[in-house]
Structures are given as C-alpha cells and as structure tokens.
file structure03.tsv (TSV, C-alpha atoms)
chain	number	residue	atom	x	y	z
A	1	MET	CA	56.19	47.59	126.46
A	2	SER	CA	56.47	50.50	128.92
A	3	LEU	CA	55.85	53.82	127.22
A	4	THR	CA	56.70	57.44	127.93
A	5	LEU	CA	55.33	60.43	126.07
A	6	ARG	CA	57.00	63.80	125.60
A	7	THR	CA	57.16	66.81	123.31
A	8	VAL	CA	59.64	66.23	120.48
A	9	SER	CA	61.27	68.46	117.87
A	10	ARG	CA	59.88	68.71	114.36
A	11	GLU	CA	63.03	66.99	113.10
A	12	GLN	CA	62.44	63.97	115.38
A	13	HIS	CA	58.79	63.84	114.36
A	14	LEU	CA	59.64	64.00	110.64
A	15	ALA	CA	62.39	61.36	110.97
A	16	TYR	CA	59.86	59.01	112.60
A	17	ILE	CA	57.25	59.59	109.84
A	18	GLN	CA	59.94	58.96	107.19
A	19	SER	CA	60.80	55.62	108.82
A	20	LEU	CA	57.23	54.34	108.20
A	21	PRO	CA	55.66	52.97	104.98
A	22	SER	CA	53.25	55.93	105.20
A	23	ALA	CA	51.19	58.23	107.43
A	24	SER	CA	48.44	60.78	106.83
A	25	HIS	CA	49.48	64.10	105.29
A	26	CYS	CA	47.61	65.70	108.23
A	27	GLN	CA	50.23	64.21	110.59
A	28	VAL	CA	53.44	65.52	109.02
A	29	PRO	CA	55.08	68.38	110.98
A	30	ALA	CA	54.63	70.87	108.11
A	31	TRP	CA	50.83	70.46	108.31
A	32	ALA	CA	51.04	72.71	111.37
A	33	ASP	CA	52.33	75.50	109.09
A	34	VAL	CA	49.43	74.93	106.68
A	35	LYS	CA	47.00	75.31	109.60
A	36	ASN	CA	48.84	78.30	111.02
A	37	GLU	CA	45.79	79.70	112.84
A	38	TRP	CA	46.18	76.82	115.32
A	39	ARG	CA	48.99	76.42	117.85
A	40	ALA	CA	50.87	73.15	117.26
A	41	GLU	CA	52.84	70.61	119.26
A	42	ASN	CA	54.76	67.50	118.17
A	43	LEU	CA	54.39	64.49	120.48
A	44	GLY	CA	56.56	61.38	120.60
A	45	TRP	CA	55.97	58.02	122.29
A	46	PHE	CA	59.12	56.19	123.45
A	47	ASP	CA	59.79	52.59	124.42
A	48	GLU	CA	61.38	52.95	127.89
A	49	ARG	CA	63.52	49.82	127.44
A	50	THR	CA	65.24	50.87	124.22
A	51	GLY	CA	64.70	54.64	124.27
A	52	GLN	CA	63.42	54.28	120.70
A	53	MET	CA	60.60	56.46	119.34
A	54	VAL	CA	57.62	54.22	118.54
A	55	GLY	CA	54.82	56.73	117.84
A	56	ALA	CA	54.17	60.36	116.92
A	57	GLY	CA	51.33	62.83	116.91
A	58	LEU	CA	50.77	66.32	115.53
A	59	VAL	CA	48.45	68.18	117.91
A	60	LEU	CA	46.69	71.35	116.79
A	61	TYR	CA	45.34	73.60	119.56
A	62	ARG	CA	42.44	75.96	118.90
A	63	GLN	CA	41.69	78.48	121.65
A	64	LEU	CA	38.13	78.93	122.87
A	65	PRO	CA	36.88	82.52	122.49
A	66	LYS	CA	37.56	84.58	125.65
A	67	VAL	CA	39.11	81.76	127.76
A	68	LYS	CA	42.61	80.29	127.83
A	69	ARG	CA	41.37	76.78	127.18
A	70	TYR	CA	41.91	74.77	124.02
A	71	LEU	CA	40.42	72.14	121.78
A	72	ALA	CA	43.28	69.71	121.03
A	73	TYR	CA	42.92	68.07	117.62
A	74	LEU	CA	44.96	65.23	116.08
A	75	PRO	CA	43.69	65.01	112.45
A	76	GLU	CA	43.98	61.42	111.13
A	77	GLY	CA	46.24	60.64	114.06
A	78	PRO	CA	48.08	60.01	116.26
A	79	VAL	CA	50.48	57.69	114.39
A	80	ILE	CA	50.71	54.86	116.91
A	81	ASN	CA	50.16	51.09	117.05
A	82	TRP	CA	46.36	51.15	117.10
A	83	TYR	CA	46.15	47.37	117.39
A	84	ALA	CA	48.33	47.24	120.52
A	85	PRO	CA	46.62	45.22	123.29
A	86	ASN	CA	47.50	48.02	125.75
A	87	LEU	CA	45.90	50.90	123.80
A	88	ASP	CA	45.09	52.63	127.08
A	89	GLU	CA	48.83	52.89	127.85
A	90	TRP	CA	49.26	54.86	124.61
A	91	LEU	CA	46.28	57.20	124.98
A	92	ARG	CA	46.08	57.83	128.74
A	93	PRO	CA	49.48	59.68	128.91
A	94	MET	CA	48.40	61.71	125.86
A	95	LEU	CA	45.19	62.83	127.60
A	96	ASP	CA	47.11	63.71	130.80
A	97	HIS	CA	49.64	65.71	128.80
A	98	LEU	CA	46.99	67.58	126.77
A	99	LYS	CA	45.06	68.44	129.94
A	100	LYS	CA	48.23	70.01	131.39
A	101	GLN	CA	48.52	72.06	128.17
A	102	GLY	CA	45.08	73.58	128.88
A	103	ALA	CA	42.95	71.37	126.63
A	104	PHE	CA	39.28	71.03	127.66
A	105	SER	CA	38.51	68.50	124.88
A	106	VAL	CA	40.50	66.20	122.60
A	107	LYS	CA	39.48	65.18	119.07
A	108	MET	CA	41.37	62.51	117.12
A	109	GLY	CA	40.89	60.43	113.98
A	110	PRO	CA	42.35	56.93	114.28
A	111	PRO	CA	43.79	55.97	110.85
A	112	VAL	CA	42.07	52.58	111.12
A	113	VAL	CA	39.95	51.11	108.30
A	114	ILE	CA	36.89	49.07	109.38
A	115	ARG	CA	35.37	47.98	106.05
A	116	ARG	CA	36.08	48.02	102.34
A	117	TRP	CA	33.70	47.64	99.39
A	118	ASP	CA	35.04	46.88	95.93
A	119	ALA	CA	33.70	48.64	92.81
A	120	ALA	CA	31.57	45.65	91.73
A	121	ALA	CA	29.74	45.54	95.11
A	122	ILE	CA	29.07	49.30	94.99
A	123	LYS	CA	27.76	49.16	91.40
A	124	LYS	CA	25.40	46.37	92.41
A	125	GLY	CA	24.24	48.44	95.37
A	126	ILE	CA	23.60	51.50	93.18
A	127	GLN	CA	21.33	49.38	90.94
A	128	ASP	CA	19.34	48.08	93.93
A	129	GLN	CA	16.41	50.38	94.73
A	130	ASP	CA	16.37	49.29	98.39
A	131	VAL	CA	19.98	50.29	98.99
A	132	LYS	CA	20.35	53.89	100.12
A	133	ARG	CA	23.75	53.88	101.86
A	134	LEU	CA	27.10	52.16	101.55
A	135	ARG	CA	26.60	50.40	104.86
A	136	ASP	CA	23.45	48.73	103.45
A	137	ILE	CA	25.78	46.71	101.18
A	138	GLU	CA	27.66	43.70	102.48
A	139	ALA	CA	31.32	44.74	102.78
A	140	THR	CA	33.87	42.97	100.58
A	141	HIS	CA	36.38	43.05	103.44
A	142	ILE	CA	35.89	43.57	107.18
A	143	GLU	CA	38.71	44.25	109.66
A	144	PRO	CA	37.66	42.62	112.97
A	145	ARG	CA	40.53	44.27	114.87
A	146	ALA	CA	39.06	47.69	114.04
A	147	PHE	CA	35.89	46.83	116.00
A	148	GLU	CA	38.09	45.89	118.96
A	149	VAL	CA	39.75	49.32	118.74
A	150	ALA	CA	36.30	51.00	118.78
A	151	ASP	CA	35.24	48.94	121.83
A	152	LYS	CA	38.43	49.86	123.70
A	153	LEU	CA	37.94	53.57	122.93
A	154	ARG	CA	34.36	53.48	124.23
A	155	LYS	CA	35.47	51.74	127.42
A	156	MET	CA	38.09	54.47	127.95
A	157	GLY	CA	35.41	57.17	127.69
A	158	TRP	CA	35.97	58.32	124.11
A	159	GLN	CA	32.77	59.36	122.31
A	160	GLN	CA	31.60	59.55	118.72
A	161	GLY	CA	29.13	62.03	117.16
A	162	GLU	CA	25.41	61.27	117.18
A	163	ASP	CA	25.44	59.94	113.61
A	164	GLY	CA	28.48	57.76	114.26
A	165	GLY	CA	30.37	60.01	111.87
A	166	ALA	CA	28.32	59.12	108.77
A	167	GLY	CA	29.11	61.01	105.61
A	168	PHE	CA	30.82	64.35	106.08
A	169	GLY	CA	29.89	64.70	109.78
A	170	ASP	CA	33.56	64.52	110.75
A	171	VAL	CA	36.14	67.21	110.07
A	172	GLN	CA	38.14	64.70	107.98
A	173	PRO	CA	36.17	62.31	105.72
A	174	ARG	CA	35.13	59.00	107.24
A	175	TYR	CA	34.51	57.39	103.85
A	176	VAL	CA	37.18	57.59	101.15
A	177	PHE	CA	37.78	56.01	97.77
A	178	GLN	CA	41.13	54.34	97.06
A	179	VAL	CA	42.81	52.61	94.13
A	180	PRO	CA	45.25	49.92	95.40
A	181	LEU	CA	48.50	49.88	93.38
A	182	GLU	CA	50.71	47.45	95.27
A	183	GLY	CA	51.56	44.29	93.34
A	184	ARG	CA	49.65	45.43	90.25
A	185	SER	CA	50.75	46.47	86.76
A	186	LEU	CA	49.63	49.80	85.29
A	187	GLU	CA	47.89	47.81	82.56
A	188	ASP	CA	45.88	45.99	85.23
A	189	VAL	CA	44.93	49.33	86.86
A	190	HIS	CA	43.78	50.71	83.48
A	191	LYS	CA	41.82	47.51	82.74
A	192	SER	CA	39.89	47.81	86.00
A	193	PHE	CA	38.53	51.24	85.00
A	194	ASN	CA	34.95	50.97	83.81
A	195	GLN	CA	34.11	51.37	80.12
A	196	LEU	CA	33.09	55.01	80.51
A	197	TRP	CA	36.40	55.95	82.15
A	198	ARG	CA	38.45	54.19	79.48
A	199	ARG	CA	36.38	55.82	76.76
A	200	ASN	CA	36.76	59.26	78.35
A	201	ILE	CA	40.56	58.88	78.69
A	202	LYS	CA	40.69	57.96	74.98
A	203	LYS	CA	38.37	60.85	74.11
A	204	ALA	CA	40.61	63.37	75.93
A	205	ASP	CA	43.67	61.96	74.16
A	206	LYS	CA	42.00	62.19	70.76
A	207	ALA	CA	40.87	65.78	71.43
A	208	GLY	CA	44.48	66.73	72.20
A	209	VAL	CA	44.14	67.30	75.96
A	210	GLN	CA	47.62	67.67	77.50
A	211	VAL	CA	48.27	67.15	81.22
A	212	VAL	CA	51.19	69.19	82.57
A	213	GLN	CA	52.69	69.79	86.00
A	214	GLY	CA	52.52	73.31	87.41
A	215	ASN	CA	54.27	75.13	90.23
A	216	MET	CA	52.46	77.31	92.78
A	217	ALA	CA	55.70	79.23	93.36
A	218	ASN	CA	55.07	80.58	89.85
A	219	PRO	CA	52.51	83.49	90.10
A	220	TYR	CA	50.88	82.59	86.74
A	221	ASP	CA	50.30	78.96	87.76
A	222	LEU	CA	48.97	80.03	91.16
A	223	ASP	CA	46.55	82.52	89.53
A	224	GLU	CA	45.37	79.90	87.03
A	225	TRP	CA	44.80	77.40	89.85
A	226	GLN	CA	42.80	79.94	91.87
A	227	ARG	CA	40.74	81.01	88.84
A	228	LEU	CA	39.62	77.40	88.13
A	229	TYR	CA	39.13	76.67	91.83
A	230	GLU	CA	36.85	79.71	92.32
A	231	ILE	CA	34.79	78.76	89.24
A	232	THR	CA	34.34	75.31	90.84
A	233	ALA	CA	33.40	76.81	94.23
A	234	GLU	CA	30.70	78.95	92.62
A	235	ARG	CA	29.35	76.01	90.61
A	236	ASP	CA	29.37	73.56	93.53
A	237	LYS	CA	28.26	76.18	96.10
A	238	PHE	CA	31.10	75.97	98.64
A	239	ARG	CA	33.23	78.74	100.15
A	240	PRO	CA	36.64	78.78	98.43
A	241	ARG	CA	39.89	79.00	100.36
A	242	PRO	CA	41.95	82.13	99.63
A	243	LYS	CA	44.89	82.04	97.24
A	244	ALA	CA	47.30	82.65	100.16
A	245	TYR	CA	46.24	79.31	101.69
A	246	PHE	CA	47.39	77.32	98.65
A	247	GLN	CA	50.55	79.38	98.31
A	248	ARG	CA	51.42	78.66	101.95
A	249	MET	CA	50.49	74.98	101.59
A	250	TRP	CA	52.80	74.64	98.58
A	251	ASN	CA	55.70	76.46	100.23
A	252	VAL	CA	55.65	74.74	103.63
A	253	LEU	CA	54.91	71.19	102.45
A	254	ASN	CA	57.55	71.25	99.71
A	255	ALA	CA	60.10	72.86	102.04
A	256	GLU	CA	59.68	69.78	104.26
A	257	ASP	CA	59.93	67.37	101.32
A	258	PRO	CA	60.25	68.51	97.67
A	259	GLN	CA	57.98	65.57	96.61
A	260	ARG	CA	55.21	66.38	99.13
A	261	MET	CA	52.83	68.41	96.94
A	262	ARG	CA	52.27	68.55	93.17
A	263	LEU	CA	50.06	70.66	90.91
A	264	TYR	CA	48.56	69.45	87.62
A	265	PHE	CA	46.76	71.23	84.79
A	266	ALA	CA	44.80	69.76	81.88
A	267	GLU	CA	45.22	71.99	78.82
A	268	HIS	CA	43.22	72.07	75.60
A	269	GLU	CA	44.14	74.27	72.65
A	270	GLY	CA	46.46	76.28	74.90
A	271	GLU	CA	43.80	76.88	77.57
A	272	ARG	CA	43.88	75.45	81.08
A	273	ILE	CA	40.50	73.90	81.75
A	274	SER	CA	41.09	71.64	84.75
A	275	ALA	CA	43.51	71.45	87.69
A	276	ALA	CA	44.30	69.27	90.70
A	277	THR	CA	46.71	69.03	93.61
A	278	MET	CA	48.38	65.82	94.77
A	279	LEU	CA	49.99	65.00	98.14
A	280	VAL	CA	52.60	62.32	98.81
A	281	VAL	CA	53.67	60.76	102.13
A	282	GLY	CA	55.69	57.58	101.72
A	283	GLY	CA	53.66	55.02	99.77
A	284	HIS	CA	50.35	56.87	100.13
A	285	VAL	CA	49.36	59.39	97.44
A	286	TRP	CA	46.27	61.60	97.70
A	287	TYR	CA	44.29	63.53	95.12
A	288	SER	CA	43.72	66.54	97.33
A	289	TYR	CA	41.90	69.44	95.62
A	290	GLY	CA	40.26	69.52	92.19
A	291	ALA	CA	39.08	72.40	89.99
A	292	SER	CA	37.60	72.76	86.51
A	293	ALA	CA	36.13	75.29	84.10
A	294	ASN	CA	32.43	75.27	83.17
A	295	HIS	CA	33.14	74.77	79.46
A	296	LYS	CA	34.94	72.11	77.38
A	297	ARG	CA	33.78	69.38	79.73
A	298	GLU	CA	33.10	67.22	76.66
A	299	VAL	CA	36.87	66.75	76.09
A	300	ARG	CA	37.04	64.98	79.50
A	301	PRO	CA	39.99	66.79	81.10
A	302	SER	CA	39.30	65.39	84.59
A	303	ASN	CA	39.59	61.76	83.45
A	304	ALA	CA	42.83	62.53	81.60
A	305	MET	CA	44.27	64.28	84.65
A	306	GLN	CA	43.35	61.51	87.09
A	307	TRP	CA	44.93	58.91	84.80
A	308	ARG	CA	48.16	60.95	84.60
A	309	MET	CA	48.22	61.44	88.40
A	310	LEU	CA	47.65	57.72	88.91
A	311	GLN	CA	50.52	56.91	86.55
A	312	ASP	CA	52.78	59.35	88.41
A	313	ALA	CA	51.77	57.86	91.77
A	314	TYR	CA	52.63	54.43	90.37
A	315	ALA	CA	56.03	55.71	89.13
A	316	LEU	CA	56.71	57.01	92.66
A	317	GLY	CA	56.22	53.44	93.95
A	318	ALA	CA	52.95	54.27	95.75
A	319	SER	CA	50.97	51.40	97.25
A	320	VAL	CA	47.68	53.33	97.12
A	321	TYR	CA	46.19	56.24	95.17
A	322	ASP	CA	43.62	57.92	97.38
A	323	LEU	CA	40.78	59.92	95.83
A	324	ARG	CA	39.79	61.14	99.33
A	325	GLY	CA	36.30	61.78	100.58
A	326	ILE	CA	32.98	60.37	99.43
A	327	SER	CA	29.59	60.44	101.09
A	328	ASP	CA	28.11	57.06	102.06
A	329	SER	CA	24.89	57.97	100.23
A	330	LEU	CA	23.96	55.85	97.20
A	331	ASP	CA	20.75	57.80	96.58
A	332	GLU	CA	20.81	59.18	93.02
A	333	ASN	CA	18.92	62.29	94.19
A	334	ASP	CA	21.61	63.15	96.75
A	335	HIS	CA	23.85	66.03	95.55
A	336	LEU	CA	26.94	64.07	96.71
A	337	PHE	CA	26.05	60.95	94.71
A	338	GLY	CA	27.95	62.16	91.63
A	339	LEU	CA	31.18	62.04	93.65
A	340	ILE	CA	31.01	58.31	94.37
A	341	GLN	CA	29.76	57.62	90.83
A	342	PHE	CA	32.82	59.36	89.33
A	343	LYS	CA	35.30	57.67	91.68
A	344	VAL	CA	33.83	54.16	91.45
A	345	GLY	CA	34.66	54.25	87.72
A	346	THR	CA	38.35	53.84	88.63
A	347	GLY	CA	37.60	50.26	89.73
A	348	GLY	CA	39.04	50.94	93.19
A	349	GLN	CA	37.38	50.45	96.57
A	350	ALA	CA	35.49	52.50	99.12
A	351	ALA	CA	37.00	52.39	102.62
A	352	GLU	CA	35.33	53.30	105.89
A	353	TYR	CA	37.58	54.61	108.65
A	354	LEU	CA	36.76	54.50	112.36
A	355	GLY	CA	35.80	58.17	112.18
A	356	GLU	CA	36.65	60.92	114.64
A	357	TRP	CA	36.43	60.51	118.41
A	358	ASP	CA	36.16	63.07	121.22
A	359	PHE	CA	37.31	62.95	124.81
A	360	PRO	CA	35.75	65.69	126.98
A	361	LEU	CA	38.36	66.64	129.61
A	362	ASN	CA	35.95	69.34	130.84
A	363	LYS	CA	32.36	68.26	130.17
A	364	LEU	CA	30.87	71.73	130.56
A	365	LEU	CA	33.22	73.44	128.10
A	366	HIS	CA	32.96	70.47	125.72
A	367	LYS	CA	29.16	70.84	125.70
A	368	ALA	CA	29.46	74.59	125.13
A	369	LEU	CA	31.72	73.94	122.12
A	370	ASP	CA	29.22	71.38	120.77
A	371	MET	CA	26.42	73.92	120.95
A	372	TYR	CA	28.61	76.62	119.36
A	373	MET	CA	29.59	74.30	116.47
A	374	SER	CA	26.01	73.16	115.81
A	375	ARG	CA	24.87	76.83	115.54
A	376	ARG	CA	27.61	77.69	112.99

call {"tool": "encode", "arguments": {"input": "structure03.tsv", "output": "structure tokens"}}
result
Amino acid sequence: MSLTLRTVSREQHLAYIQSLPSASHCQVPAWADVKNEWRAENLGWFDERTGQMVGAGLVLYRQLPKVKRYLAYLPEGPVINWYAPNLDEWLRPMLDHLKKQGAFSVKMGPPVVIRRWDAAAIKKGIQDQDVKRLRDIEATHIEPRAFEVADKLRKMGWQQGEDGGAGFGDVQPRYVFQVPLEGRSLEDVHKSFNQLWRRNIKKADKAGVQVVQGNMANPYDLDEWQRLYEITAERDKFRPRPKAYFQRMWNVLNAEDPQRMRLYFAEHEGERISAATMLVVGGHVWYSYGASANHKREVRPSNAMQWRMLQDAYALGASVYDLRGISDSLDENDHLFGLIQFKVGTGGQAAEYLGEWDFPLNKLLHKALDMYMSRR
C-alpha cells in the first residue's frame, strides 16, 4: 500500500475514529481542546490507490521556552496499523512533516499491548516474597508481534527512556488494569470479583449507598466533584488540577459526542462521599479520575461506584472496562501497591503497553529538553 500523509479537518479525523471499534481518548480531536495550552494538528494517512483514509493522529505541539521550536507529542497514538510490515512507510512521512512544522523532537505512545497477566497470576506473585515487579511474573499472554514493532522502532532510530518506561516514567501509563467484557455476562463479571470486592459491594448496598450520575455543567455538581477531588489530592499528596480544567474537559468532550464523558457520585444519607469520571470511545470505556472523602470509607462507596460504572459500560456494549494506570511494583511497602491491590480485586488483567518512544529530530535541543525535564 502506498501512503500519503496530510493535515486533515477535525471532522475527517472524528469520522475516521468513529469508523473504528475504538481508539484512545487521547486521540480524539476534542482532546486538543482539553489540552488547550498546546497547539494541535490533525493528521490523516491515505491509501493512494483508493484515496481512503487509513490512519489518523492528534499531534500536540509544545513550544520550547524562548525558541520557535516544538516538542510534537502524540499521546497513545497515532491510530495506524502498527502491525503493518511497512511501518517505516507510516512513520517516516510523519517525522518529515513534523520537522517541517518546527518540531525538534517527537514523542508517541503506540497503543500496542505486549503482555497481559490475569488476576490469579498477579495474586500468586504478590504472595511470593521473591517477586518485586509485575515483569518478574510469567505473563499469561504474550503478543509476539508487539516485540517486532519494538524492534522496527529501534531500527528506525526511535528511543525509549532509560528505565524502558517502567511504572509511571512515561507521560501516559505503561501499565494499566482492564476488565474484559466482550462475550461475557454481567453475572460472570461479578463472579470473577474477589470475595472482598463482592462483600464490599454488598456492604455498600446494605448501608444504603446510592450511585447517581452527575453533570459538570451543573455548578453544584462541579463544586462537589472539586471538593472531593481536592480532599483526595491532599490525602494522596498530588497537585490537583483546577476546577476550570474539568469544566472544560466536560464541555469539549461532550460537545464532540454526548456519550464521551460521564460523572458519578456515591451518596450516603444525602451526602456525596465519593466521585469518579468515565470516558467512552467506541467499545473502550475508561475510569478516568477518582475522588473520595476521608470519612465513611467503611460503607465502601468506591466499590459500589466501580460496580455501577462497570454495569453502565456493559450496557453501552463496551468490550473493555479500563481502570487505567497501575505501577508495576508488587512490593507491599511501595506507596503505589494499594492501587494494583484494589484493581486486581475486579478479577481483570494487567496489561503492559509498548510505552512511549522519542525521536530526536534535533539531538542538541532534545538533550536540552531531557535535562530540563529531569530538573523539574
């Protein structure tokens, strides 16, 4: 297949994404409006024979301080045929185009899964004192074609971070936790939860926890979301995003597709004690942000909310419910260990993506950016 690459309209880009079973929420055109501090461009790959669009990419450009040169970033993209034998013919025109746009370095995140570990394998690993990381456990499923993709990228001159993208080294998570839904009944999904999860869902129900959908266009709901989110940020020691970010995210994503983003609250005795946002692109549904109060944790609002979101994802016909990032650490003393412990209770599977790759178009500026980022 002979390919050409050119800038496309947002409408063309969106139409292409909508023709696919799914794509990352970071690759829909409206994501550019969420990340409005970056300049954005929509790219399309075309089959020269048929004139048909066969790939798309959302590029975000971040300007270097004081110079008119840019870092070009394709989060969890581009959306192309990663297993094509002629991968170079897809990526070379992209690099040439981005260089002409003033990019000194390109960062991308191929949406390619290398390995999967099911819940039983992870639980076994957690109980083994010698196992410290996910990759110490034998994977339940390995995708040999993903290793071929990695080899091709290296041969083309693409580079990965020093740690190979372990843990949260990448901008987007390399390791995620997913619950497959395709070809399963809801009863089967519920049965695969561990005993603690099932007990906690029952406990929440008995305590009268109600899970309701909210709307960030409603000032009260937005304030309640932000209140719970800031409590969580203080407790977990991370810097919270401002309220305006979530308001913008809600407005732009739902303007593109009214099903794109949802907000949930868990209520107990009339008080909102937990909240979460959900994103939908085709058959892929993500649990995106979570927030909870410091009190009433004993009524298990988070388990109740996740179960409701999973049921709603199933009702939407989703093939996968994605609980997003986990660390690959299985060390009980690691502060991120609780994350994998909570998510593994859903009976799903951990997935390792290829991670993010860089192509320095200008080695000097790329190195300067590296040093700047490591100092931050």

call {"tool": "axis_aligned_box", "arguments": {"input": "structure03.tsv", "around": "region 32-46 of chain A", "padding_each_side": "6 Å", "output": "AutoDock Vina command-line options"}}
result
--center_x 52.5 --center_y 67.9 --center_z 115.1 --size_x 25.3 --size_y 35.5 --size_z 28.8

call {"tool": "residues_around", "arguments": {"input": "structure03.tsv", "residues": "Gly347 (chain A)", "least_positions_apart": "3", "cutoff": "7 Å", "atoms": "all atoms listed in the file", "output": "compact mmCIF listing (two decimals) with C-alpha atoms, in the frame of the given file"}}
result
# COMPACT_ATOMS: atom_id res chain seq x y z
CA ALA A 119 33.70 48.64 92.81
CA SER A 192 39.89 47.81 86.00
CA PHE A 193 38.53 51.24 85.00
CA ASN A 194 34.95 50.97 83.81
CA VAL A 344 33.83 54.16 91.45

call {"tool": "residues_around", "arguments": {"input": "structure03.tsv", "residues": "Leu354 (chain A)", "least_positions_apart": "3", "cutoff": "10 Å", "atoms": "only C-alpha atoms", "output": "PyMOL selection string"}}
result
chain A and resi 109-115+146-147+149-150+160+164-165+174-175+351+357

call {"tool": "closest_residue", "arguments": {"input": "structure03.tsv", "among": "A:Ala293, A:Ala313, A:Ala30, A:Val212", "to": "Gln226 (chain A)", "atoms": "all atoms listed in the file"}}
result
A:Ala293

call {"tool": "residues_around", "arguments": {"input": "structure03.tsv", "residues": "Ala40 (chain A)", "least_positions_apart": "3", "cutoff": "8 Å", "atoms": "only C-alpha atoms", "output": "list of chain:residue names"}}
result
A:Ala32, A:Leu58, A:Val59, A:Leu60, A:Tyr61

call {"tool": "decode", "arguments": {"input": "structure03.tsv", "residues": "region 325-333 of chain A", "atoms": "all heavy atoms", "output": "CSV table (one decimal), in the first residue's frame"}}
result
chain,number,residue,atom,x,y,z
A,325,GLY,N,-4.1,3.5,34.9
A,325,GLY,CA,-2.7,3.2,35.3
A,325,GLY,C,-2.5,2.4,36.6
A,325,GLY,O,-3.3,2.6,37.6
A,326,ILE,N,-1.5,1.6,36.6
A,326,ILE,CA,-1.0,0.9,37.8
A,326,ILE,C,0.5,1.0,37.7
A,326,ILE,O,1.1,1.2,36.7
A,326,ILE,CB,-1.4,-0.6,37.9
A,326,ILE,CG1,-1.1,-1.3,36.6
A,326,ILE,CG2,-2.9,-0.7,38.3
A,326,ILE,CD1,-1.2,-2.8,36.7
A,327,SER,N,1.2,0.9,38.9
A,327,SER,CA,2.6,0.8,38.8
A,327,SER,C,2.9,-0.7,38.6
A,327,SER,O,2.1,-1.6,38.9
A,327,SER,CB,3.2,1.2,40.2
A,327,SER,OG,4.4,0.6,40.5
A,328,ASP,N,4.1,-1.1,38.2
A,328,ASP,CA,4.5,-2.5,38.0
A,328,ASP,C,5.1,-3.0,39.3
A,328,ASP,O,5.5,-4.2,39.4
A,328,ASP,CB,5.3,-2.7,36.8
A,328,ASP,CG,6.8,-2.4,37.1
A,328,ASP,OD1,7.1,-1.5,37.9
A,328,ASP,OD2,7.7,-3.1,36.5
A,329,SER,N,5.0,-2.2,40.4
A,329,SER,CA,5.6,-2.7,41.7
A,329,SER,C,4.6,-3.6,42.4
A,329,SER,O,3.5,-3.2,42.6
A,329,SER,CB,6.0,-1.5,42.5
A,329,SER,OG,6.4,-1.9,43.8
A,330,LEU,N,5.1,-4.7,42.9
A,330,LEU,CA,4.3,-5.6,43.7
A,330,LEU,C,4.9,-5.7,45.2
A,330,LEU,O,4.6,-6.6,45.9
A,330,LEU,CB,4.3,-7.1,43.1
A,330,LEU,CG,3.7,-7.2,41.7
A,330,LEU,CD1,3.7,-8.6,41.2
A,330,LEU,CD2,2.2,-6.7,41.8
A,331,ASP,N,5.7,-4.7,45.5
A,331,ASP,CA,6.3,-4.6,46.8
A,331,ASP,C,5.2,-3.9,47.8
A,331,ASP,O,4.8,-2.8,47.5
A,331,ASP,CB,7.5,-3.7,46.7
A,331,ASP,CG,8.2,-3.5,48.1
A,331,ASP,OD1,7.7,-4.0,49.1
A,331,ASP,OD2,9.3,-2.9,48.1
A,332,GLU,N,4.9,-4.6,48.8
A,332,GLU,CA,3.8,-4.1,49.7
A,332,GLU,C,4.2,-2.8,50.4
A,332,GLU,O,3.3,-2.1,50.9
A,332,GLU,CB,3.5,-5.2,50.8
A,332,GLU,CG,2.8,-6.4,50.1
A,332,GLU,CD,2.4,-7.5,51.1
A,332,GLU,OE1,2.2,-7.1,52.3
A,332,GLU,OE2,2.2,-8.6,50.7
A,333,ASN,N,5.5,-2.5,50.4
A,333,ASN,CA,5.9,-1.2,51.1
A,333,ASN,C,5.9,-0.1,50.1
A,333,ASN,O,6.1,1.1,50.5
A,333,ASN,CB,7.3,-1.4,51.7
A,333,ASN,CG,7.4,-2.5,52.7
A,333,ASN,OD1,6.5,-2.6,53.5
A,333,ASN,ND2,8.4,-3.4,52.6
